[in-house]
file final.tsv (TSV, C-alpha atoms)
chain	number	residue	atom	x	y	z
A	12	MET	CA	84.47	0.09	-26.87
A	13	THR	CA	82.99	-2.86	-28.71
A	14	ASN	CA	79.47	-4.06	-27.92
A	15	HIS	CA	80.98	-7.07	-26.17
A	16	GLU	CA	83.15	-4.84	-23.97
A	17	ILE	CA	80.15	-2.70	-23.09
A	18	GLN	CA	78.05	-5.74	-22.18
A	19	GLU	CA	80.88	-7.11	-20.04
A	20	ARG	CA	80.97	-3.88	-18.03
A	21	ILE	CA	77.26	-3.72	-17.25
A	22	LEU	CA	76.95	-4.53	-13.54
A	23	TYR	CA	73.14	-4.38	-13.41
A	24	GLU	CA	70.32	-3.58	-15.80
A	25	ASP	CA	66.53	-3.72	-15.81
A	26	ASN	CA	63.78	-1.55	-17.30
A	27	HIS	CA	64.58	1.30	-14.90
A	28	LEU	CA	68.33	1.30	-14.24
A	29	LEU	CA	71.68	0.61	-15.84
A	30	VAL	CA	74.78	0.41	-13.64
A	31	PHE	CA	78.12	0.43	-15.44
A	32	ASN	CA	81.76	-0.14	-14.48
A	33	LYS	CA	83.28	3.00	-15.99
A	34	GLN	CA	86.81	2.98	-17.37
A	35	THR	CA	89.24	5.78	-16.60
A	36	GLY	CA	89.25	8.45	-19.29
A	37	GLN	CA	85.54	8.16	-20.02
A	38	ILE	CA	83.32	11.14	-19.33
A	39	VAL	CA	79.89	10.33	-17.91
A	40	GLN	CA	78.12	13.36	-19.37
A	41	GLY	CA	78.98	15.75	-22.20
A	42	ASP	CA	81.44	18.56	-21.47
A	43	LYS	CA	83.39	21.29	-23.24
A	44	THR	CA	85.86	18.78	-24.72
A	45	GLY	CA	83.22	17.58	-27.16
A	46	ASP	CA	84.26	13.96	-26.57
A	47	GLU	CA	81.44	11.43	-26.74
A	48	PRO	CA	80.16	10.85	-23.21
A	49	LEU	CA	79.46	7.42	-21.80
A	50	SER	CA	75.75	8.26	-21.64
A	51	GLU	CA	75.62	8.62	-25.44
A	52	THR	CA	77.71	5.48	-26.00
A	53	LEU	CA	75.29	3.48	-23.86
A	54	LYS	CA	72.23	4.99	-25.57
A	55	ALA	CA	73.53	3.86	-28.95
A	56	PHE	CA	74.32	0.42	-27.54
A	57	ILE	CA	70.81	-0.01	-26.09
A	58	LYS	CA	69.16	1.27	-29.27
A	59	ALA	CA	71.06	-1.23	-31.44
A	60	ARG	CA	70.82	-4.15	-29.02
A	61	ASP	CA	67.09	-3.78	-28.38
A	62	GLY	CA	66.15	-2.62	-31.88
A	63	LYS	CA	64.48	0.53	-30.56
A	64	PRO	CA	63.00	2.72	-33.32
A	65	GLY	CA	62.91	5.96	-31.31
A	66	ASN	CA	65.28	7.81	-29.03
A	67	VAL	CA	66.63	6.04	-25.96
A	68	PHE	CA	66.33	7.81	-22.59
A	69	LEU	CA	69.29	7.58	-20.26
A	70	GLY	CA	69.47	10.07	-17.40
A	71	VAL	CA	72.57	10.85	-15.32
A	72	PRO	CA	71.84	11.21	-11.59
A	73	HIS	CA	75.49	11.68	-10.61
A	74	ARG	CA	78.89	12.21	-12.20
A	75	LEU	CA	82.14	10.35	-11.84
A	76	ASP	CA	85.32	12.31	-12.64
A	77	ARG	CA	86.96	11.49	-15.95
A	78	PRO	CA	90.18	9.98	-14.49
A	79	VAL	CA	88.20	7.85	-11.99
A	80	SER	CA	86.92	4.31	-12.64
A	81	GLY	CA	84.08	2.28	-11.18
A	82	VAL	CA	80.36	2.27	-10.46
A	83	ALA	CA	78.33	4.73	-12.54
A	84	LEU	CA	74.52	4.83	-12.25
A	85	PHE	CA	72.16	5.70	-15.10
A	86	ALA	CA	68.36	5.97	-15.14
A	87	LYS	CA	66.43	4.47	-18.07
A	88	THR	CA	63.16	6.27	-17.26
A	89	GLY	CA	62.24	9.77	-16.18
A	90	LYS	CA	60.61	8.45	-13.02
A	91	ALA	CA	63.74	6.51	-12.02
A	92	LEU	CA	65.90	9.58	-12.68
A	93	GLU	CA	63.69	11.82	-10.53
A	94	ARG	CA	63.78	9.35	-7.65
A	95	LEU	CA	67.52	8.71	-7.93
A	96	ASN	CA	68.19	12.46	-7.93
A	97	GLU	CA	66.19	12.73	-4.72
A	98	MET	CA	68.01	9.74	-3.19
A	99	PHE	CA	71.41	11.28	-3.95
A	100	ARG	CA	70.23	14.61	-2.51
A	101	LYS	CA	69.17	12.88	0.71
A	102	GLY	CA	72.32	10.75	0.94
A	103	GLU	CA	70.43	7.49	0.41
A	104	VAL	CA	72.88	6.10	-2.15
A	105	TYR	CA	75.87	4.68	-0.27
A	106	LYS	CA	79.05	4.61	-2.34
A	107	THR	CA	82.41	3.28	-1.26
A	108	TYR	CA	85.66	4.08	-3.05
A	109	TRP	CA	89.10	2.53	-3.09
A	110	ALA	CA	91.99	4.97	-3.20
A	111	VAL	CA	95.70	4.23	-3.62
A	112	VAL	CA	97.98	6.71	-1.83
A	113	LYS	CA	101.73	7.07	-1.36
A	114	GLN	CA	101.54	8.43	2.19
A	115	ARG	CA	99.63	6.29	4.67
A	116	PRO	CA	97.40	8.54	6.78
A	117	THR	CA	97.10	8.25	10.55
A	118	PRO	CA	95.12	7.00	12.32
A	119	ASP	CA	94.10	3.94	10.28
A	120	VAL	CA	90.40	4.88	10.51
A	121	ALA	CA	89.14	8.45	10.69
A	122	THR	CA	86.28	10.72	9.74
A	123	LEU	CA	87.42	13.86	7.94
A	124	THR	CA	85.39	17.07	8.00
A	125	HIS	CA	86.45	20.06	5.93
A	126	TYR	CA	84.81	23.02	4.26
A	127	LEU	CA	85.44	23.14	0.52
A	128	ARG	CA	85.04	25.86	-2.06
A	129	ARG	CA	85.06	25.16	-5.76
A	130	ASN	CA	87.05	27.19	-8.27
A	131	GLU	CA	85.12	26.79	-11.54
A	132	LYS	CA	87.88	28.23	-13.75
A	133	GLN	CA	90.49	25.81	-12.38
A	134	ASN	CA	88.00	22.93	-12.00
A	135	LYS	CA	89.45	22.39	-8.55
A	136	SER	CA	88.27	22.46	-4.94
A	137	TYR	CA	90.11	23.99	-1.98
A	138	VAL	CA	89.84	23.54	1.78
A	139	THR	CA	88.67	26.81	3.25
A	140	ASP	CA	87.16	28.42	6.34
A	141	LYS	CA	83.52	27.51	7.02
A	142	ASN	CA	82.54	31.18	6.79
A	143	HIS	CA	84.10	31.65	3.35
A	144	GLU	CA	81.59	32.51	0.64
A	145	GLY	CA	80.55	29.36	-1.20
A	146	ALA	CA	82.08	27.00	1.39
A	147	LYS	CA	80.29	23.67	1.76
A	148	GLU	CA	80.80	21.06	4.46
A	149	ALA	CA	82.46	17.85	3.23
A	150	ARG	CA	82.59	14.67	5.31
A	151	LEU	CA	84.03	11.24	4.60
A	152	GLN	CA	85.43	8.27	6.46
A	153	TYR	CA	88.57	6.49	5.34
A	154	THR	CA	89.80	3.07	6.47
A	155	TRP	CA	93.28	1.71	5.78
A	156	LEU	CA	92.92	-1.73	4.15
A	157	CYS	CA	96.44	-2.89	3.32
A	158	SER	CA	99.87	-1.78	2.16
A	159	GLY	CA	102.28	-2.74	-0.58
A	160	GLU	CA	105.96	-1.89	-0.89
A	161	ASN	CA	105.35	1.69	-1.98
A	162	TYR	CA	101.62	2.37	-1.77
A	163	HIS	CA	98.66	1.98	0.54
A	164	LEU	CA	95.03	1.11	-0.15
A	165	LEU	CA	92.25	3.04	1.57
A	166	GLU	CA	88.51	2.49	1.53
A	167	VAL	CA	86.50	5.70	1.56
A	168	LEU	CA	82.85	6.14	2.50
A	169	LEU	CA	81.30	9.42	1.42
A	170	PHE	CA	78.81	11.22	3.65
A	171	THR	CA	78.49	14.24	1.34
A	172	GLY	CA	78.94	14.62	-2.41
A	173	ARG	CA	81.14	17.65	-3.03
A	174	HIS	CA	83.20	18.45	-6.12
A	175	HIS	CA	86.48	16.45	-6.06
A	176	GLN	CA	85.78	15.75	-2.39
A	177	ILE	CA	87.86	12.60	-1.87
A	178	ARG	CA	90.75	13.99	-3.90
A	179	CYS	CA	90.78	17.28	-1.99
A	180	GLN	CA	90.24	15.90	1.51
A	181	LEU	CA	92.86	13.14	1.28
A	182	ALA	CA	95.35	15.68	-0.09
A	183	ALA	CA	94.51	17.97	2.84
A	184	VAL	CA	95.74	15.32	5.31
A	185	GLY	CA	98.93	14.70	3.33
A	186	SER	CA	97.78	11.66	1.34
A	187	PRO	CA	97.06	12.74	-2.25
A	188	ILE	CA	95.80	9.98	-4.53
A	189	LYS	CA	98.40	8.30	-6.75
A	190	GLY	CA	98.57	10.04	-10.13
A	191	ASP	CA	96.51	13.06	-9.05
A	192	LEU	CA	98.81	15.93	-10.05
A	193	LYS	CA	96.02	18.47	-9.49
A	194	TYR	CA	95.98	17.66	-5.79
A	195	GLY	CA	99.66	17.21	-5.09
A	196	ALA	CA	100.74	13.77	-6.34
A	197	PRO	CA	104.41	13.95	-7.43
A	198	ARG	CA	103.86	12.24	-10.80
A	199	SER	CA	101.05	11.24	-13.11
A	200	ASN	CA	99.91	7.74	-13.99
A	201	PRO	CA	100.99	6.66	-17.49
A	202	ASP	CA	97.40	6.49	-18.77
A	203	GLY	CA	96.37	9.83	-17.25
A	204	SER	CA	94.15	8.18	-14.65
A	205	ILE	CA	94.19	8.73	-10.92
A	206	SER	CA	94.14	5.69	-8.61
A	207	LEU	CA	90.59	6.21	-7.35
A	208	HIS	CA	87.94	3.57	-8.02
A	209	ALA	CA	84.23	3.75	-7.19
A	210	ARG	CA	84.20	0.26	-5.70
A	211	SER	CA	80.57	-0.25	-4.72
A	212	ALA	CA	77.12	1.28	-4.48
A	213	SER	CA	74.29	0.27	-2.19
A	214	PHE	CA	70.76	1.64	-2.46
A	215	VAL	CA	67.08	0.78	-2.52
A	216	HIS	CA	65.80	0.33	-6.07
A	217	PRO	CA	63.90	3.54	-6.91
A	218	VAL	CA	60.94	1.63	-8.38
A	219	LYS	CA	61.05	-2.00	-7.20
A	220	LYS	CA	62.18	-1.03	-3.66
A	221	ASP	CA	64.59	-3.98	-3.45
A	222	LYS	CA	67.94	-3.48	-1.67
A	223	ILE	CA	70.74	-3.52	-4.24
A	224	THR	CA	74.49	-3.68	-3.63
A	225	LEU	CA	76.85	-3.70	-6.61
A	226	THR	CA	80.63	-4.04	-6.75
A	227	ALA	CA	82.83	-2.97	-9.67
A	228	PRO	CA	85.93	-5.05	-10.45
A	229	VAL	CA	89.13	-3.00	-10.26
A	230	PRO	CA	90.94	-1.83	-13.43
A	231	HIS	CA	93.25	-4.17	-15.36
A	232	ASP	CA	96.33	-2.57	-13.88
A	233	PRO	CA	99.07	-4.52	-12.03
A	234	LEU	CA	98.92	-2.43	-8.87
A	235	TRP	CA	95.12	-2.53	-8.67
A	236	GLN	CA	95.14	-6.25	-9.33
A	237	TRP	CA	97.74	-6.80	-6.59
A	238	PHE	CA	95.72	-4.89	-4.02
A	239	ASP	CA	92.55	-6.70	-5.04
A	240	ALA	CA	94.28	-10.06	-4.60
A	241	GLN	CA	95.48	-9.04	-1.11
A	242	ILE	CA	91.97	-8.07	-0.02
A	243	THR	CA	90.52	-11.28	-1.44
A	244	ALA	CA	93.16	-13.36	0.33
A	245	ASN	CA	92.59	-11.55	3.64
A	246	SER	CA	88.83	-12.02	3.41
A	247	THR	CA	89.17	-15.79	2.99
A	248	THR	CA	91.61	-16.36	5.86
call {"tool": "encode", "arguments": {"input": "final.tsv", "output": "structure tokens"}}
result
Amino acid sequence: MTNHEIQERILYEDNHLLVFNKQTGQIVQGDKTGDEPLSETLKAFIKARDGKPGNVFLGVPHRLDRPVSGVALFAKTGKALERLNEMFRKGEVYKTYWAVVKQRPTPDVATLTHYLRRNEKQNKSYVTDKNHEGAKEARLQYTWLCSGENYHLLEVLLFTGRHHQIRCQLAAVGSPIKGDLKYGAPRSNPDGSISLHARSASFVHPVKKDKITLTAPVPHDPLWQWFDAQITANSTT
């Protein structure tokens, strides 16, 4: 990404926080692939932009899966990182997601509760019995927003933050996310993404204590753009 592209994707920034609209394919934090993570890209950007002589601090309070786009939070100070970590642990950061699915779930609004276990070797989560070793409760609410000719748009509110939670739970009710081969989608998206977008985040600033709500524009993809236009049109009628 160029410096201009990075700047265009910054949704919010002050001395304590940086909130970024992540592209699909970007990793938030370093992993075994060795690819440069977004955290390092942003550190280099801040260092050059602000002319900082020393190292730049940028902490990662939560991860966003590589094939997912949208709101990604970073902490620019140790104090902000510590407080954000605590806020995520307590469920005080409210994130909504948009998901495109082939099969419209019923009813149109529902709260899903499953118990998930994570398979580290497969990097995948499975629905399991609550008494299974390592099982963790996962809860979310989905709301049907609108439908196109072949796909449906859901809004998802997370109540817990489990590994691949939205992907696994929607698949469990017969509505895997478009492009998500790992969880049962029939075909991949051409760019390797899955059609899941971290649409917004709402939280109290960890230092200033102001209420902040941020919304990430959807990817530059025809289907995403079509759904976004439908929602915009519906909200103005």
call {"tool": "closest_residue", "arguments": {"input": "final.tsv", "among": "A:Lys189, A:His27, A:Lys132, A:Lys219", "to": "A:Ala91", "atoms": "all atoms listed in the file"}}
result
A:His27
call {"tool": "atom_distance", "arguments": {"input": "final.tsv", "atom1": "atom CA of A:Leu234", "atom2": "atom CA of A:Gln34"}}
result
15.8 Å
call {"tool": "closest_residue", "arguments": {"input": "final.tsv", "among": "A:Glu24, A:Glu103, A:Glu166, A:Glu51", "to": "A:Arg210", "atoms": "all atoms listed in the file"}}
result
A:Glu166
call {"tool": "residues_near_point", "arguments": {"input": "final.tsv", "point": "(68.5, 6.3, -18.7)", "cutoff": "6 Å", "atoms": "only C-alpha atoms", "output": "list in words"}}
result
Phe68, Leu69, Gly70, Phe85, Ala86, Lys87 and Thr88 of chain A
call {"tool": "atom_distance", "arguments": {"input": "final.tsv", "atom1": "atom CA of A:Arg77", "atom2": "atom CA of A:Gly36"}}
result
5.1 Å
call {"tool": "residues_around", "arguments": {"input": "final.tsv", "residues": "stretch 136-153 of chain A", "least_positions_apart": "6", "cutoff": "7 Å", "atoms": "all atoms listed in the file", "output": "ChimeraX atom specification"}}
result
/A:120-130,165-171,173-176,179
call {"tool": "atom_distance", "arguments": {"input": "final.tsv", "atom1": "atom CA of A:Ile57", "atom2": "atom CA of A:Ile205"}}
result
29.2 Å
call {"tool": "residues_around", "arguments": {"input": "final.tsv", "residues": "A:Asp76", "least_positions_apart": "6", "cutoff": "12 Å", "atoms": "only C-alpha atoms", "output": "mmCIF file with C-alpha atoms, keeping the file's coordinate frame"}}
result
data_model
loop_
_atom_site.group_PDB
_atom_site.id
_atom_site.type_symbol
_atom_site.label_atom_id
_atom_site.label_comp_id
_atom_site.auth_asym_id
_atom_site.auth_seq_id
_atom_site.Cartn_x
_atom_site.Cartn_y
_atom_site.Cartn_z
ATOM 1 C CA LYS A 33 83.280 3.000 -15.990
ATOM 2 C CA GLN A 34 86.810 2.980 -17.370
ATOM 3 C CA THR A 35 89.240 5.780 -16.600
ATOM 4 C CA GLY A 36 89.250 8.450 -19.290
ATOM 5 C CA GLN A 37 85.540 8.160 -20.020
ATOM 6 C CA ILE A 38 83.320 11.140 -19.330
ATOM 7 C CA VAL A 39 79.890 10.330 -17.910
ATOM 8 C CA GLN A 40 78.120 13.360 -19.370
ATOM 9 C CA GLY A 41 78.980 15.750 -22.200
ATOM 10 C CA ASP A 42 81.440 18.560 -21.470
ATOM 11 C CA PRO A 48 80.160 10.850 -23.210
ATOM 12 C CA LEU A 49 79.460 7.420 -21.800
ATOM 13 C CA VAL A 82 80.360 2.270 -10.460
ATOM 14 C CA ALA A 83 78.330 4.730 -12.540
ATOM 15 C CA ASN A 134 88.000 22.930 -12.000
ATOM 16 C CA LYS A 135 89.450 22.390 -8.550
ATOM 17 C CA ARG A 173 81.140 17.650 -3.030
ATOM 18 C CA HIS A 174 83.200 18.450 -6.120
ATOM 19 C CA HIS A 175 86.480 16.450 -6.060
ATOM 20 C CA GLN A 176 85.780 15.750 -2.390
ATOM 21 C CA ILE A 177 87.860 12.600 -1.870
ATOM 22 C CA ARG A 178 90.750 13.990 -3.900
ATOM 23 C CA ASP A 191 96.510 13.060 -9.050
ATOM 24 C CA SER A 204 94.150 8.180 -14.650
ATOM 25 C CA ILE A 205 94.190 8.730 -10.920
ATOM 26 C CA SER A 206 94.140 5.690 -8.610
ATOM 27 C CA LEU A 207 90.590 6.210 -7.350
ATOM 28 C CA HIS A 208 87.940 3.570 -8.020
ATOM 29 C CA ALA A 209 84.230 3.750 -7.190
#
call {"tool": "closest_residue", "arguments": {"input": "final.tsv", "among": "A:Tyr194, A:Phe238, A:Tyr108, A:Phe56", "to": "A:Met12", "atoms": "only C-alpha atoms"}}
result
A:Phe56
call {"tool": "residues_around", "arguments": {"input": "final.tsv", "residues": "A:Val184", "least_positions_apart": "2", "cutoff": "10 Å", "atoms": "all atoms listed in the file", "output": "ChimeraX atom specification"}}
result
/A:114-117,123,179-182,186-187
call {"tool": "closest_residue", "arguments": {"input": "final.tsv", "among": "A:Leu84, A:Ser246, A:His73, A:His216", "to": "A:Ile21", "atoms": "all atoms listed in the file"}}
result
A:Leu84
call {"tool": "closest_residue", "arguments": {"input": "final.tsv", "among": "A:Val67, A:Leu29, A:Cys157, A:Ala196", "to": "A:Trp109", "atoms": "all atoms listed in the file"}}
result
A:Cys157
call {"tool": "closest_residue", "arguments": {"input": "final.tsv", "among": "A:Val71, A:Leu53, A:Ile242, A:Ile188", "to": "A:Lys113", "atoms": "all atoms listed in the file"}}
result
A:Ile188
call {"tool": "decode", "arguments": {"input": "final.tsv", "residues": "stretch 199-246 of chain A", "atoms": "C-alpha atoms", "output": "PDB file, in the first residue's frame"}}
result
ATOM      1  CA  SER A 199     -14.016 -19.539  -3.216  1.00  0.00           C
ATOM      2  CA  ASN A 200     -14.010 -15.835  -3.998  1.00  0.00           C
ATOM      3  CA  PRO A 201     -11.614 -14.917  -6.832  1.00  0.00           C
ATOM      4  CA  ASP A 202      -9.354 -12.878  -4.531  1.00  0.00           C
ATOM      5  CA  GLY A 203      -9.268 -15.490  -1.766  1.00  0.00           C
ATOM      6  CA  SER A 204     -11.378 -13.370   0.568  1.00  0.00           C
ATOM      7  CA  ILE A 205     -14.514 -14.393   2.391  1.00  0.00           C
ATOM      8  CA  SER A 206     -17.535 -12.066   2.312  1.00  0.00           C
ATOM      9  CA  LEU A 207     -17.311 -10.996   5.947  1.00  0.00           C
ATOM     10  CA  HIS A 208     -16.711  -7.351   6.823  1.00  0.00           C
ATOM     11  CA  ALA A 209     -16.158  -5.850  10.278  1.00  0.00           C
ATOM     12  CA  ARG A 210     -18.607  -3.025   9.642  1.00  0.00           C
ATOM     13  CA  SER A 211     -18.446  -0.989  12.837  1.00  0.00           C
ATOM     14  CA  ALA A 212     -17.022  -0.699  16.332  1.00  0.00           C
ATOM     15  CA  SER A 213     -18.447   1.214  19.268  1.00  0.00           C
ATOM     16  CA  PHE A 214     -16.599   1.747  22.535  1.00  0.00           C
ATOM     17  CA  VAL A 215     -15.609   4.259  25.187  1.00  0.00           C
ATOM     18  CA  HIS A 216     -12.190   5.759  24.490  1.00  0.00           C
ATOM     19  CA  PRO A 217      -9.773   4.003  26.871  1.00  0.00           C
ATOM     20  CA  VAL A 218      -8.116   7.283  27.907  1.00  0.00           C
ATOM     21  CA  LYS A 219     -10.387  10.207  26.980  1.00  0.00           C
ATOM     22  CA  LYS A 220     -13.574   8.326  27.986  1.00  0.00           C
ATOM     23  CA  ASP A 221     -15.523   9.708  25.011  1.00  0.00           C
ATOM     24  CA  LYS A 222     -18.034   7.415  23.251  1.00  0.00           C
ATOM     25  CA  ILE A 223     -16.697   6.480  19.821  1.00  0.00           C
ATOM     26  CA  THR A 224     -18.526   4.743  16.975  1.00  0.00           C
ATOM     27  CA  LEU A 225     -16.671   4.053  13.733  1.00  0.00           C
ATOM     28  CA  THR A 226     -17.906   2.564  10.470  1.00  0.00           C
ATOM     29  CA  ALA A 227     -15.698   0.997   7.793  1.00  0.00           C
ATOM     30  CA  PRO A 228     -16.710   1.427   4.134  1.00  0.00           C
ATOM     31  CA  VAL A 229     -17.264  -1.905   2.382  1.00  0.00           C
ATOM     32  CA  PRO A 230     -14.665  -3.335  -0.048  1.00  0.00           C
ATOM     33  CA  HIS A 231     -14.481  -2.137  -3.662  1.00  0.00           C
ATOM     34  CA  ASP A 232     -16.293  -5.207  -4.912  1.00  0.00           C
ATOM     35  CA  PRO A 233     -19.467  -5.083  -7.067  1.00  0.00           C
ATOM     36  CA  LEU A 234     -21.537  -7.276  -4.750  1.00  0.00           C
ATOM     37  CA  TRP A 235     -20.491  -5.400  -1.610  1.00  0.00           C
ATOM     38  CA  GLN A 236     -21.130  -2.088  -3.325  1.00  0.00           C
ATOM     39  CA  TRP A 237     -24.592  -3.239  -4.437  1.00  0.00           C
ATOM     40  CA  PHE A 238     -25.581  -4.296  -0.933  1.00  0.00           C
ATOM     41  CA  ASP A 239     -24.220  -1.064   0.516  1.00  0.00           C
ATOM     42  CA  ALA A 240     -26.278   0.952  -1.967  1.00  0.00           C
ATOM     43  CA  GLN A 241     -29.432  -0.999  -1.011  1.00  0.00           C
ATOM     44  CA  ILE A 242     -28.922  -0.315   2.691  1.00  0.00           C
ATOM     45  CA  THR A 243     -28.235   3.362   2.028  1.00  0.00           C
ATOM     46  CA  ALA A 244     -31.356   3.651  -0.117  1.00  0.00           C
ATOM     47  CA  ASN A 245     -33.505   1.884   2.496  1.00  0.00           C
ATOM     48  CA  SER A 246     -32.214   4.120   5.277  1.00  0.00           C
TER      49      SER A 246
END
